[in-house]
>>> print(open('query-v7.cif').read())   # mmCIF, C-alpha atoms and all ligand atoms
data_target
#
loop_
_atom_site.label_atom_id
_atom_site.label_comp_id
_atom_site.auth_asym_id
_atom_site.auth_seq_id
_atom_site.Cartn_x
_atom_site.Cartn_y
_atom_site.Cartn_z
CA MET K 1 0.00 0.00 0.00
CA GLY K 2 1.33 3.48 -0.93
CA LYS K 3 2.36 5.91 1.81
CA LEU K 4 -0.41 8.31 0.80
CA GLN K 5 -3.19 5.75 0.46
CA GLY K 6 -6.49 7.32 1.56
CA LYS K 7 -5.13 10.88 1.32
CA VAL K 8 -6.47 13.66 -0.87
CA ALA K 9 -4.09 16.17 -2.48
CA LEU K 10 -4.61 19.40 -4.39
CA VAL K 11 -1.62 20.41 -6.52
CA THR K 12 -1.93 23.85 -8.09
CA GLY K 13 -0.42 24.28 -11.54
CA SER K 14 -0.16 20.55 -12.13
CA SER K 15 -1.06 20.63 -15.81
CA ARG K 16 2.62 20.95 -16.69
CA GLY K 17 6.20 20.93 -15.47
CA ILE K 18 7.08 20.36 -11.82
CA GLY K 19 3.42 20.41 -10.77
CA ARG K 20 2.61 17.55 -13.13
CA GLY K 21 5.57 15.60 -11.73
CA ILE K 22 4.35 16.22 -8.17
CA ALA K 23 0.77 15.21 -9.02
CA CYS K 24 1.93 11.98 -10.68
CA ARG K 25 4.24 11.15 -7.77
CA LEU K 26 1.60 11.77 -5.06
CA ALA K 27 -0.88 9.68 -7.04
CA ARG K 28 1.71 6.91 -7.37
CA ASP K 29 1.98 6.96 -3.57
CA GLY K 30 -1.78 6.38 -3.36
CA ALA K 31 -3.29 9.87 -3.04
CA LEU K 32 -6.41 10.97 -4.89
CA VAL K 33 -5.12 14.10 -6.69
CA ALA K 34 -7.00 17.21 -7.77
CA VAL K 35 -5.04 18.39 -10.80
CA HIS K 36 -5.37 22.15 -11.10
CA TYR K 37 -4.73 24.30 -14.18
CA SER K 38 -5.50 27.78 -15.39
CA THR K 39 -5.70 27.97 -19.19
CA ASN K 40 -4.16 24.80 -20.58
CA GLU K 41 -7.01 22.30 -20.29
CA GLY K 42 -5.39 19.83 -22.69
CA ALA K 43 -2.27 19.66 -20.52
CA GLY K 44 -4.39 19.26 -17.38
CA LYS K 45 -6.28 16.37 -18.96
CA GLU K 46 -2.98 14.81 -19.96
CA THR K 47 -1.82 14.85 -16.33
CA VAL K 48 -5.03 13.11 -15.28
CA ARG K 49 -4.59 10.61 -18.11
CA LEU K 50 -1.00 9.85 -17.06
CA ILE K 51 -2.09 9.29 -13.46
CA GLU K 52 -4.96 7.02 -14.42
CA ALA K 53 -2.83 5.08 -16.90
CA ALA K 54 -0.46 4.32 -14.02
CA GLY K 55 -3.37 3.02 -11.92
CA GLY K 56 -3.87 6.18 -9.85
CA HIS K 57 -6.86 8.44 -9.25
CA ALA K 58 -7.21 12.11 -10.23
CA PHE K 59 -9.62 14.73 -11.48
CA LEU K 60 -9.35 18.20 -12.95
CA VAL K 61 -10.13 21.61 -11.42
CA ARG K 62 -9.68 25.01 -13.05
CA ALA K 63 -9.10 28.47 -11.63
CA GLU K 64 -7.03 31.44 -12.68
CA LEU K 65 -5.17 32.25 -9.50
CA GLY K 66 -4.82 35.98 -9.02
CA ALA K 67 -8.29 36.62 -10.41
CA PRO K 68 -11.07 37.67 -8.02
CA GLU K 69 -13.15 34.71 -6.77
CA ALA K 70 -10.51 32.22 -8.01
CA ILE K 71 -10.35 30.37 -4.71
CA SER K 72 -14.08 30.06 -4.22
CA GLU K 73 -14.38 28.91 -7.85
CA LEU K 74 -11.72 26.28 -7.24
CA PHE K 75 -13.40 24.94 -4.10
CA ALA K 76 -16.81 25.00 -5.80
CA GLN K 77 -15.37 22.39 -8.20
CA LEU K 78 -13.21 20.56 -5.69
CA GLU K 79 -15.69 19.90 -2.90
CA PRO K 80 -18.58 18.29 -4.83
CA GLU K 81 -16.04 16.05 -6.58
CA LEU K 82 -14.52 15.04 -3.23
CA LEU K 83 -17.95 14.40 -1.74
CA THR K 84 -18.79 12.08 -4.62
CA ARG K 85 -15.47 10.28 -4.54
CA THR K 86 -14.70 10.11 -0.82
CA GLY K 87 -17.91 11.03 0.99
CA THR K 88 -16.30 14.04 2.68
CA VAL K 89 -14.68 17.35 1.64
CA ARG K 90 -11.53 16.60 3.65
CA LEU K 91 -8.27 17.71 2.05
CA ASP K 92 -4.99 16.28 3.37
CA ILE K 93 -2.29 17.83 1.19
CA LEU K 94 -2.09 21.22 -0.52
CA VAL K 95 0.86 21.91 -2.79
CA ASN K 96 1.04 25.59 -3.76
CA ASN K 97 3.01 25.09 -6.96
CA ALA K 98 1.40 27.34 -9.62
CA ALA K 99 3.37 30.50 -10.22
CA HIS K 100 3.70 33.48 -12.46
CA ALA K 101 7.31 33.27 -13.62
CA GLY K 102 7.61 36.45 -15.60
CA PHE K 103 11.32 36.12 -16.26
CA THR K 104 11.36 39.44 -18.01
CA GLY K 105 14.96 40.40 -17.32
CA THR K 106 13.53 43.68 -16.04
CA MET K 107 15.95 45.69 -13.90
CA PRO K 108 14.52 47.08 -10.64
CA GLU K 109 14.13 50.63 -12.03
CA ASP K 110 11.95 49.34 -14.85
CA VAL K 111 9.56 47.22 -12.80
CA THR K 112 6.04 48.48 -13.46
CA PRO K 113 3.31 48.46 -10.80
CA GLU K 114 1.41 45.97 -13.00
CA MET K 115 4.37 43.55 -13.07
CA PHE K 116 4.81 43.86 -9.33
CA ASP K 117 1.10 43.34 -8.64
CA ARG K 118 0.86 40.31 -10.94
CA HIS K 119 3.72 38.49 -9.23
CA ILE K 120 2.38 39.22 -5.78
CA ALA K 121 -1.20 38.31 -6.76
CA VAL K 122 -0.33 34.89 -8.19
CA ASN K 123 2.75 33.89 -6.19
CA THR K 124 1.96 35.31 -2.74
CA LYS K 125 -1.64 36.39 -2.26
CA ALA K 126 -3.23 33.39 -4.00
CA PRO K 127 -1.24 30.77 -2.04
CA PHE K 128 -1.94 32.64 1.20
CA TYR K 129 -5.71 32.69 0.77
CA LEU K 130 -5.76 29.23 -0.77
CA THR K 131 -3.89 27.91 2.26
CA LEU K 132 -6.34 29.55 4.66
CA ARG K 133 -9.27 28.11 2.74
CA ALA K 134 -7.68 24.65 2.54
CA LEU K 135 -6.99 24.66 6.28
CA SER K 136 -10.72 24.80 6.93
CA SER K 137 -10.96 21.34 5.27
CA MET K 138 -7.85 19.82 6.89
CA THR K 139 -7.50 17.64 9.95
CA SER K 140 -4.52 16.37 11.95
CA GLY K 141 -1.78 15.05 9.67
CA GLY K 142 -2.50 17.70 7.02
CA ARG K 143 0.35 19.03 4.89
CA ILE K 144 0.86 22.40 3.20
CA ILE K 145 3.83 22.56 0.83
CA ASN K 146 4.84 25.84 -0.77
CA ILE K 147 7.01 25.65 -3.88
CA SER K 148 9.41 28.56 -3.80
CA SER K 149 12.71 28.96 -5.64
CA GLY K 150 16.42 28.88 -4.91
CA MET K 151 16.36 32.39 -6.35
CA THR K 152 15.40 33.78 -2.94
CA ARG K 153 18.88 32.80 -1.74
CA THR K 154 20.89 34.77 -4.27
CA SER K 155 21.01 38.25 -5.79
CA LEU K 156 19.69 38.40 -9.34
CA PRO K 157 18.44 41.98 -9.79
CA SER K 158 16.74 41.27 -13.13
CA GLN K 159 14.37 38.82 -11.38
CA ILE K 160 13.52 41.04 -8.43
CA CYS K 161 9.73 40.81 -8.82
CA TYR K 162 9.70 37.03 -8.93
CA ALA K 163 12.18 36.73 -6.05
CA MET K 164 10.22 39.18 -3.87
CA SER K 165 6.99 37.29 -4.44
CA LYS K 166 8.62 33.95 -3.60
CA GLY K 167 10.38 35.42 -0.56
CA ALA K 168 7.00 36.55 0.73
CA MET K 169 5.62 33.08 0.09
CA GLU K 170 8.35 31.65 2.31
CA GLN K 171 7.03 33.89 5.07
CA ILE K 172 3.63 32.24 4.72
CA THR K 173 5.41 29.00 5.65
CA LEU K 174 7.26 30.49 8.59
CA GLN K 175 4.45 32.58 10.04
CA LEU K 176 1.74 29.90 9.73
CA ALA K 177 3.85 27.04 11.07
CA LEU K 178 3.30 27.85 14.76
CA HIS K 179 -0.28 28.87 14.13
CA ILE K 180 -1.34 25.50 12.70
CA ALA K 181 0.98 23.18 14.65
CA PRO K 182 -1.59 22.70 17.47
CA ARG K 183 -3.86 21.14 14.85
CA GLY K 184 -1.15 18.62 13.86
CA ILE K 185 -0.71 20.21 10.42
CA THR K 186 2.71 20.99 8.97
CA ILE K 187 3.71 23.65 6.46
CA ASN K 188 7.03 23.73 4.63
CA THR K 189 8.75 25.36 1.71
CA VAL K 190 10.44 23.29 -1.01
CA ALA K 191 12.75 25.34 -3.22
CA PRO K 192 13.81 23.97 -6.61
CA GLY K 193 16.71 25.28 -8.65
CA VAL K 194 16.71 25.22 -12.44
CA THR K 195 14.44 22.31 -13.32
CA ASN K 196 13.58 20.94 -16.75
CA ASN K 197 9.87 21.72 -16.99
CA GLY K 198 9.66 20.89 -20.69
CA ASP K 199 10.20 24.47 -21.82
CA PRO K 200 12.00 24.62 -25.21
CA VAL K 201 14.95 26.35 -23.52
CA PHE K 202 15.92 22.92 -22.17
CA ASP K 203 16.43 21.71 -25.76
CA ASP K 204 19.34 24.10 -26.24
CA PRO K 205 22.58 22.32 -25.23
CA ASP K 206 24.58 25.54 -24.67
CA THR K 207 21.95 27.03 -22.36
CA VAL K 208 21.59 23.74 -20.51
CA ALA K 209 25.37 23.54 -20.04
CA GLU K 210 25.42 27.06 -18.62
CA MET K 211 22.54 26.34 -16.23
CA SER K 212 24.03 22.97 -15.23
CA ALA K 213 27.13 24.72 -13.93
CA TRP K 214 25.04 26.45 -11.24
CA SER K 215 24.35 23.11 -9.54
CA ALA K 216 26.93 21.29 -7.44
CA PHE K 217 26.09 18.19 -9.50
CA ASN K 218 26.65 19.93 -12.84
CA ARG K 219 23.25 19.19 -14.32
CA VAL K 220 19.82 20.79 -14.37
CA GLY K 221 17.13 19.30 -12.14
CA GLU K 222 14.53 16.88 -13.38
CA VAL K 223 10.90 17.20 -12.30
CA SER K 224 11.28 13.95 -10.32
CA ASP K 225 14.15 15.48 -8.30
CA VAL K 226 11.64 17.94 -6.84
CA ALA K 227 8.60 15.64 -6.79
CA ASP K 228 10.46 13.06 -4.69
CA VAL K 229 11.22 15.69 -2.04
CA VAL K 230 7.61 16.89 -2.03
CA ALA K 231 6.38 13.29 -1.66
CA PHE K 232 8.57 12.87 1.40
CA VAL K 233 7.37 16.14 2.97
CA ALA K 234 3.77 15.08 2.25
CA SER K 235 4.24 11.72 3.96
CA GLU K 236 3.91 10.68 7.61
CA ASP K 237 7.72 10.28 7.65
CA ALA K 238 8.01 14.09 7.64
CA ARG K 239 5.70 14.64 10.64
CA TRP K 240 8.51 16.30 12.65
CA ILE K 241 9.33 18.95 10.01
CA THR K 242 7.47 22.23 9.94
CA GLY K 243 8.27 25.85 9.15
CA SER K 244 11.27 24.68 7.12
CA TYR K 245 12.92 25.81 3.94
CA ILE K 246 13.98 22.65 2.11
CA ASP K 247 16.47 23.14 -0.68
CA ALA K 248 15.75 20.95 -3.71
CA SER K 249 18.12 22.74 -6.04
CA GLY K 250 20.98 20.24 -6.34
CA GLY K 251 23.29 22.54 -4.39
CA THR K 252 22.72 25.51 -6.65
CA LEU K 253 25.24 28.30 -6.15
CA LEU K 254 26.75 26.68 -3.05
P1 LIG K 301 5.47 25.76 -15.57
O1 LIG K 301 5.97 24.57 -16.31
O2 LIG K 301 5.58 27.11 -16.17
O3 LIG K 301 3.92 25.48 -15.21
C1 LIG K 301 3.23 26.46 -14.53
C2 LIG K 301 1.95 25.85 -13.99
O4 LIG K 301 1.27 26.86 -13.21
C3 LIG K 301 1.00 25.43 -15.07
O5 LIG K 301 0.27 24.32 -14.62
C4 LIG K 301 0.08 26.64 -15.22
O6 LIG K 301 -1.24 26.30 -15.68
C5 LIG K 301 -0.01 27.11 -13.78
N1 LIG K 301 -0.25 28.54 -13.66
C6 LIG K 301 0.53 29.57 -14.08
N2 LIG K 301 -0.06 30.75 -13.79
C7 LIG K 301 -1.24 30.45 -13.19
C8 LIG K 301 -2.31 31.23 -12.66
N3 LIG K 301 -2.33 32.56 -12.69
N4 LIG K 301 -3.37 30.58 -12.12
C9 LIG K 301 -3.40 29.24 -12.07
N5 LIG K 301 -2.43 28.44 -12.56
C10 LIG K 301 -1.36 29.05 -13.10
O7 LIG K 301 6.10 25.86 -14.10
P2 LIG K 301 7.36 25.11 -13.48
O8 LIG K 301 8.58 25.62 -14.11
O9 LIG K 301 7.09 23.66 -13.44
O10 LIG K 301 7.35 25.70 -11.98
C11 LIG K 301 6.57 25.12 -10.97
C12 LIG K 301 6.93 25.79 -9.65
O11 LIG K 301 8.32 25.64 -9.38
C13 LIG K 301 6.65 27.31 -9.64
O12 LIG K 301 6.23 27.69 -8.36
C14 LIG K 301 8.02 27.89 -9.94
O13 LIG K 301 8.15 29.21 -9.42
C15 LIG K 301 8.93 26.90 -9.20
N6 LIG K 301 10.29 26.86 -9.70
C16 LIG K 301 10.54 26.40 -10.97
C17 LIG K 301 11.84 26.34 -11.42
C18 LIG K 301 12.20 25.80 -12.78
O14 LIG K 301 13.38 25.91 -13.18
N7 LIG K 301 11.29 25.23 -13.52
C19 LIG K 301 12.89 26.78 -10.59
C20 LIG K 301 12.60 27.23 -9.32
C21 LIG K 301 11.28 27.27 -8.88
P3 LIG K 301 -1.59 26.25 -17.28
O15 LIG K 301 -0.94 25.01 -17.82
O16 LIG K 301 -3.06 26.18 -17.34
O17 LIG K 301 -1.01 27.49 -17.88
#
>>> encode(input="query-v7.cif", output="structure tokens", more="lines below")
Ligand code: NAP
Amino acid sequence: MGKLQGKVALVTGSSRGIGRGIACRLARDGALVAVHYSTNEGAGKETVRLIEAAGGHAFLVRAELGAPEAISELFAQLEPELLTRTGTVRLDILVNNAAHAGFTGTMPEDVTPEMFDRHIAVNTKAPFYLTLRALSSMTSGGRIINISSGMTRTSLPSQICYAMSKGAMEQITLQLALHIAPRGITINTVAPGVTNNGDPVFDDPDTVAEMSAWSAFNRVGEVSDVADVVAFVASEDARWITGSYIDASGGTLL
């Protein structure tokens, strides 16, 4: 029996990339997974198909995080589906993975209020309110996992918006950890480094070689490198870890 048998997980942004890898891994461990997407329905369906083809269980939910009412829209889809499938609306695992990664190369002086607001809305505000909403459906043993980025540990001025929004997300982890510990629920940050999410940039050998050099292991991360860490944090084995920043970047920029 898988370590997550009987558990229910919601993985935001699991239509593609790292989120898809996390959804597939949690499902492989036995969880029923709500696969969330924003615009790319075909990719979301493909994640569900991959999970089911491997013998797992999943269904699709859609919401554009950052938009007004996104969280209530998401739960309006999630809860009836959970009631039908499990008989309750209990959620055990929330992975806040979806992100706006506007890697614009914009220097701090050129950051527009719109750019700033978009990053904060999707990467900070949405996970904060989604976490609060999810907590109302969680019981002891619940897990919140926030996917940040190794970029919060280095200075890269051209990515200031993204790094600020992820740094704030790490504070959600830290500040909520004590608040929810009495309920037996943990919250942690997992921070990937450069990870092959299927973007065409990973088809360019020169760029990949350059990015590989940032890791102590001289390669870029694979989705499974991150998903395996998330699966551990989601499991009962990680019951004694909360409020932590867990580096899953292959020793990036050590
Ligand atoms: P990705 O391949 O670009 O996929 C992004 C996912 O988020 C998609 O499922 C997308 O849905 C969803 N999404 C984007 N904006 C959304 C919004 N406003 N509302 C709802 N869903 C939205 O991402 P990734 O590279 O795998 O990154 C996953 C996580 O890891 C992110 O938190 C990212 O910051 C972090 N990270 C990634 C890397 C890396 O090198 N890949 C490095 C460090 C940290 P649709 O398919 O519907 O568009």
>>> residues_near_ligand(input="query-v7.cif", ligand="ligand LIG 301 (chain K)", cutoff="6 Å", atoms="only C-alpha atoms and all ligand atoms", output="ChimeraX atom specification")
/K:13-19,37-40,63-66,97-101,122,147-149,192-197
>>> atom_distance(input="query-v7.cif", atom1="CA of Gly56 (chain K)", atom2="CA of Gln5 (chain K)")
10.3 Å
>>> closest_residue(input="query-v7.cif", among="K:Arg133, K:Thr84, K:Thr152, K:Gly243", to="Ala70 (chain K)", atoms="only C-alpha atoms")
K:Arg133
>>> atom_distance(input="query-v7.cif", atom1="CA of Ser165 (chain K)", atom2="CA of Tyr129 (chain K)")
14.5 Å
>>> residues_around(input="query-v7.cif", residues="Phe128 (chain K)", least_positions_apart="2", cutoff="10 Å", atoms="all atoms listed in the file", output="MDAnalysis selection string")
chainID K and resid 96 121:126 130:134 146 168:169 171:173 176
>>> write_last_selection(input="query-v7.cif", atoms="C-alpha atoms", output="JSON list (two decimals), keeping the file's coordinate frame")
[["chain", "number", "residue", "atom", "x", "y", "z"],
["K", 96, "ASN", "CA", 1.04, 25.59, -3.76],
["K", 121, "ALA", "CA", -1.20, 38.31, -6.76],
["K", 122, "VAL", "CA", -0.33, 34.89, -8.19],
["K", 123, "ASN", "CA", 2.75, 33.89, -6.19],
["K", 124, "THR", "CA", 1.96, 35.31, -2.74],
["K", 125, "LYS", "CA", -1.64, 36.39, -2.26],
["K", 126, "ALA", "CA", -3.23, 33.39, -4.00],
["K", 130, "LEU", "CA", -5.76, 29.23, -0.77],
["K", 131, "THR", "CA", -3.89, 27.91, 2.26],
["K", 132, "LEU", "CA", -6.34, 29.55, 4.66],
["K", 133, "ARG", "CA", -9.27, 28.11, 2.74],
["K", 134, "ALA", "CA", -7.68, 24.65, 2.54],
["K", 146, "ASN", "CA", 4.84, 25.84, -0.77],
["K", 168, "ALA", "CA", 7.00, 36.55, 0.73],
["K", 169, "MET", "CA", 5.62, 33.08, 0.09],
["K", 171, "GLN", "CA", 7.03, 33.89, 5.07],
["K", 172, "ILE", "CA", 3.63, 32.24, 4.72],
["K", 173, "THR", "CA", 5.41, 29.00, 5.65],
["K", 176, "LEU", "CA", 1.74, 29.90, 9.73]]
>>> closest_residue(input="query-v7.cif", among="K:Ala248, K:Leu60, K:Val226, K:Leu26", to="Leu82 (chain K)", atoms="all atoms listed in the file")
K:Leu60
>>> atom_distance(input="query-v7.cif", atom1="CA of Val220 (chain K)", atom2="CA of Ser235 (chain K)")
25.7 Å
>>> closest_residue(input="query-v7.cif", among="K:Val190, K:Ile145, K:Ile22, K:Met138", to="Arg90 (chain K)", atoms="all atoms listed in the file")
K:Met138
>>> residues_around(input="query-v7.cif", residues="Thr88 (chain K)", least_positions_apart="3", cutoff="12 Å", atoms="all atoms listed in the file", output="PyMOL selection string")
chain K and resi 6-8+78-85+91-92+137-139
>>> closest_residue(input="query-v7.cif", among="K:Ala58, K:Ala27, K:Ile71, K:Val95", to="Leu10 (chain K)", atoms="all atoms listed in the file")
K:Val95
>>> axis_aligned_box(input="query-v7.cif", around="region 43-61 of chain K", padding_each_side="3 Å", output="lines of an AutoDock Vina configuration file")
center_x = -5.3
center_y = 12.3
center_z = -14.9
size_x = 15.7
size_y = 24.6
size_z = 17.3
>>> closest_residue(input="query-v7.cif", among="K:Glu69, K:Glu236, K:Glu222, K:Asp110", to="Leu4 (chain K)", atoms="all atoms listed in the file")
K:Glu236
>>> residues_near_point(input="query-v7.cif", point="(8.0, 15.9, 2.1)", cutoff="10 Å", atoms="all atoms listed in the file", output="compact mmCIF listing (two decimals) with C-alpha atoms, in the frame of the given file")
# COMPACT_ATOMS: atom_id res chain seq x y z
CA ARG K 143 0.35 19.03 4.89
CA ILE K 144 0.86 22.40 3.20
CA ILE K 145 3.83 22.56 0.83
CA ILE K 187 3.71 23.65 6.46
CA ASN K 188 7.03 23.73 4.63
CA THR K 189 8.75 25.36 1.71
CA VAL K 190 10.44 23.29 -1.01
CA VAL K 226 11.64 17.94 -6.84
CA ALA K 227 8.60 15.64 -6.79
CA ASP K 228 10.46 13.06 -4.69
CA VAL K 229 11.22 15.69 -2.04
CA VAL K 230 7.61 16.89 -2.03
CA ALA K 231 6.38 13.29 -1.66
CA PHE K 232 8.57 12.87 1.40
CA VAL K 233 7.37 16.14 2.97
CA ALA K 234 3.77 15.08 2.25
CA SER K 235 4.24 11.72 3.96
CA GLU K 236 3.91 10.68 7.61
CA ASP K 237 7.72 10.28 7.65
CA ALA K 238 8.01 14.09 7.64
CA ARG K 239 5.70 14.64 10.64
CA ILE K 241 9.33 18.95 10.01
CA ILE K 246 13.98 22.65 2.11
>>> closest_residue(input="query-v7.cif", among="K:Ser136, K:Thr207, K:Thr47, K:Ser249", to="Met151 (chain K)", atoms="all atoms listed in the file")
K:Ser249
>>> decode(input="query-v7.cif", residues="region 61-90 of chain K", atoms="N, CA and C atoms", output="PDB file, in the first residue's frame")
ATOM      1  N   VAL K  61      -9.452  20.381 -11.860  1.00  0.00           N
ATOM      2  CA  VAL K  61     -10.134  21.610 -11.417  1.00  0.00           C
ATOM      3  C   VAL K  61      -9.444  22.798 -12.076  1.00  0.00           C
ATOM      4  N   ARG K  62     -10.233  23.848 -12.368  1.00  0.00           N
ATOM      5  CA  ARG K  62      -9.676  25.009 -13.052  1.00  0.00           C
ATOM      6  C   ARG K  62      -9.924  26.283 -12.264  1.00  0.00           C
ATOM      7  N   ALA K  63      -8.918  27.139 -12.194  1.00  0.00           N
ATOM      8  CA  ALA K  63      -9.103  28.475 -11.631  1.00  0.00           C
ATOM      9  C   ALA K  63      -7.896  29.310 -11.995  1.00  0.00           C
ATOM     10  N   GLU K  64      -8.155  30.552 -12.380  1.00  0.00           N
ATOM     11  CA  GLU K  64      -7.031  31.437 -12.685  1.00  0.00           C
ATOM     12  C   GLU K  64      -6.633  32.154 -11.412  1.00  0.00           C
ATOM     13  N   LEU K  65      -5.604  31.660 -10.764  1.00  0.00           N
ATOM     14  CA  LEU K  65      -5.173  32.252  -9.505  1.00  0.00           C
ATOM     15  C   LEU K  65      -4.739  33.690  -9.758  1.00  0.00           C
ATOM     16  N   GLY K  66      -5.097  34.553  -8.833  1.00  0.00           N
ATOM     17  CA  GLY K  66      -4.819  35.984  -9.024  1.00  0.00           C
ATOM     18  C   GLY K  66      -6.070  36.718  -9.446  1.00  0.00           C
ATOM     19  N   ALA K  67      -7.020  35.987 -10.019  1.00  0.00           N
ATOM     20  CA  ALA K  67      -8.295  36.619 -10.408  1.00  0.00           C
ATOM     21  C   ALA K  67      -9.227  36.627  -9.199  1.00  0.00           C
ATOM     22  N   PRO K  68     -10.122  37.638  -9.131  1.00  0.00           N
ATOM     23  CA  PRO K  68     -11.071  37.667  -8.019  1.00  0.00           C
ATOM     24  C   PRO K  68     -11.934  36.397  -8.040  1.00  0.00           C
ATOM     25  N   GLU K  69     -12.276  35.897  -6.911  1.00  0.00           N
ATOM     26  CA  GLU K  69     -13.145  34.709  -6.774  1.00  0.00           C
ATOM     27  C   GLU K  69     -12.469  33.397  -7.182  1.00  0.00           C
ATOM     28  N   ALA K  70     -11.169  33.447  -7.524  1.00  0.00           N
ATOM     29  CA  ALA K  70     -10.513  32.220  -8.008  1.00  0.00           C
ATOM     30  C   ALA K  70     -10.612  31.095  -6.988  1.00  0.00           C
ATOM     31  N   ILE K  71     -10.418  31.431  -5.724  1.00  0.00           N
ATOM     32  CA  ILE K  71     -10.345  30.371  -4.713  1.00  0.00           C
ATOM     33  C   ILE K  71     -11.727  29.779  -4.452  1.00  0.00           C
ATOM     34  N   SER K  72     -12.741  30.648  -4.413  1.00  0.00           N
ATOM     35  CA  SER K  72     -14.077  30.063  -4.222  1.00  0.00           C
ATOM     36  C   SER K  72     -14.485  29.257  -5.447  1.00  0.00           C
ATOM     37  N   GLU K  73     -14.078  29.705  -6.647  1.00  0.00           N
ATOM     38  CA  GLU K  73     -14.377  28.909  -7.854  1.00  0.00           C
ATOM     39  C   GLU K  73     -13.707  27.538  -7.781  1.00  0.00           C
ATOM     40  N   LEU K  74     -12.465  27.541  -7.322  1.00  0.00           N
ATOM     41  CA  LEU K  74     -11.720  26.277  -7.238  1.00  0.00           C
ATOM     42  C   LEU K  74     -12.406  25.319  -6.259  1.00  0.00           C
ATOM     43  N   PHE K  75     -12.762  25.821  -5.087  1.00  0.00           N
ATOM     44  CA  PHE K  75     -13.400  24.941  -4.099  1.00  0.00           C
ATOM     45  C   PHE K  75     -14.817  24.537  -4.507  1.00  0.00           C
ATOM     46  N   ALA K  76     -15.472  25.373  -5.317  1.00  0.00           N
ATOM     47  CA  ALA K  76     -16.806  25.003  -5.804  1.00  0.00           C
ATOM     48  C   ALA K  76     -16.719  23.801  -6.749  1.00  0.00           C
ATOM     49  N   GLN K  77     -15.568  23.589  -7.368  1.00  0.00           N
ATOM     50  CA  GLN K  77     -15.373  22.391  -8.196  1.00  0.00           C
ATOM     51  C   GLN K  77     -14.832  21.237  -7.362  1.00  0.00           C
ATOM     52  N   LEU K  78     -13.901  21.586  -6.469  1.00  0.00           N
ATOM     53  CA  LEU K  78     -13.210  20.556  -5.685  1.00  0.00           C
ATOM     54  C   LEU K  78     -14.147  19.800  -4.748  1.00  0.00           C
ATOM     55  N   GLU K  79     -14.958  20.545  -3.990  1.00  0.00           N
ATOM     56  CA  GLU K  79     -15.689  19.905  -2.899  1.00  0.00           C
ATOM     57  C   GLU K  79     -16.777  18.935  -3.366  1.00  0.00           C
ATOM     58  N   PRO K  80     -17.593  19.277  -4.372  1.00  0.00           N
ATOM     59  CA  PRO K  80     -18.580  18.286  -4.832  1.00  0.00           C
ATOM     60  C   PRO K  80     -17.908  17.012  -5.357  1.00  0.00           C
ATOM     61  N   GLU K  81     -16.761  17.211  -6.042  1.00  0.00           N
ATOM     62  CA  GLU K  81     -16.036  16.054  -6.580  1.00  0.00           C
ATOM     63  C   GLU K  81     -15.515  15.177  -5.431  1.00  0.00           C
ATOM     64  N   LEU K  82     -15.013  15.818  -4.378  1.00  0.00           N
ATOM     65  CA  LEU K  82     -14.518  15.043  -3.230  1.00  0.00           C
ATOM     66  C   LEU K  82     -15.668  14.328  -2.518  1.00  0.00           C
ATOM     67  N   LEU K  83     -16.787  15.028  -2.402  1.00  0.00           N
ATOM     68  CA  LEU K  83     -17.951  14.404  -1.743  1.00  0.00           C
ATOM     69  C   LEU K  83     -18.365  13.136  -2.477  1.00  0.00           C
ATOM     70  N   THR K  84     -18.410  13.244  -3.816  1.00  0.00           N
ATOM     71  CA  THR K  84     -18.792  12.084  -4.620  1.00  0.00           C
ATOM     72  C   THR K  84     -17.785  10.948  -4.471  1.00  0.00           C
ATOM     73  N   ARG K  85     -16.495  11.324  -4.503  1.00  0.00           N
ATOM     74  CA  ARG K  85     -15.473  10.279  -4.542  1.00  0.00           C
ATOM     75  C   ARG K  85     -15.107   9.717  -3.173  1.00  0.00           C
ATOM     76  N   THR K  86     -15.196  10.572  -2.130  1.00  0.00           N
ATOM     77  CA  THR K  86     -14.704  10.114  -0.817  1.00  0.00           C
ATOM     78  C   THR K  86     -15.766  10.190   0.276  1.00  0.00           C
ATOM     79  N   GLY K  87     -16.866  10.894  -0.018  1.00  0.00           N
ATOM     80  CA  GLY K  87     -17.906  11.026   0.992  1.00  0.00           C
ATOM     81  C   GLY K  87     -17.693  12.163   1.963  1.00  0.00           C
ATOM     82  N   THR K  88     -16.538  12.867   1.840  1.00  0.00           N
ATOM     83  CA  THR K  88     -16.299  14.043   2.680  1.00  0.00           C
ATOM     84  C   THR K  88     -15.596  15.105   1.822  1.00  0.00           C
ATOM     85  N   VAL K  89     -15.423  16.314   2.382  1.00  0.00           N
ATOM     86  CA  VAL K  89     -14.680  17.352   1.644  1.00  0.00           C
ATOM     87  C   VAL K  89     -13.268  17.500   2.230  1.00  0.00           C
ATOM     88  N   ARG K  90     -12.844  16.516   2.995  1.00  0.00           N
ATOM     89  CA  ARG K  90     -11.531  16.601   3.651  1.00  0.00           C
ATOM     90  C   ARG K  90     -10.390  16.650   2.628  1.00  0.00           C
TER      91      ARG K  90
END
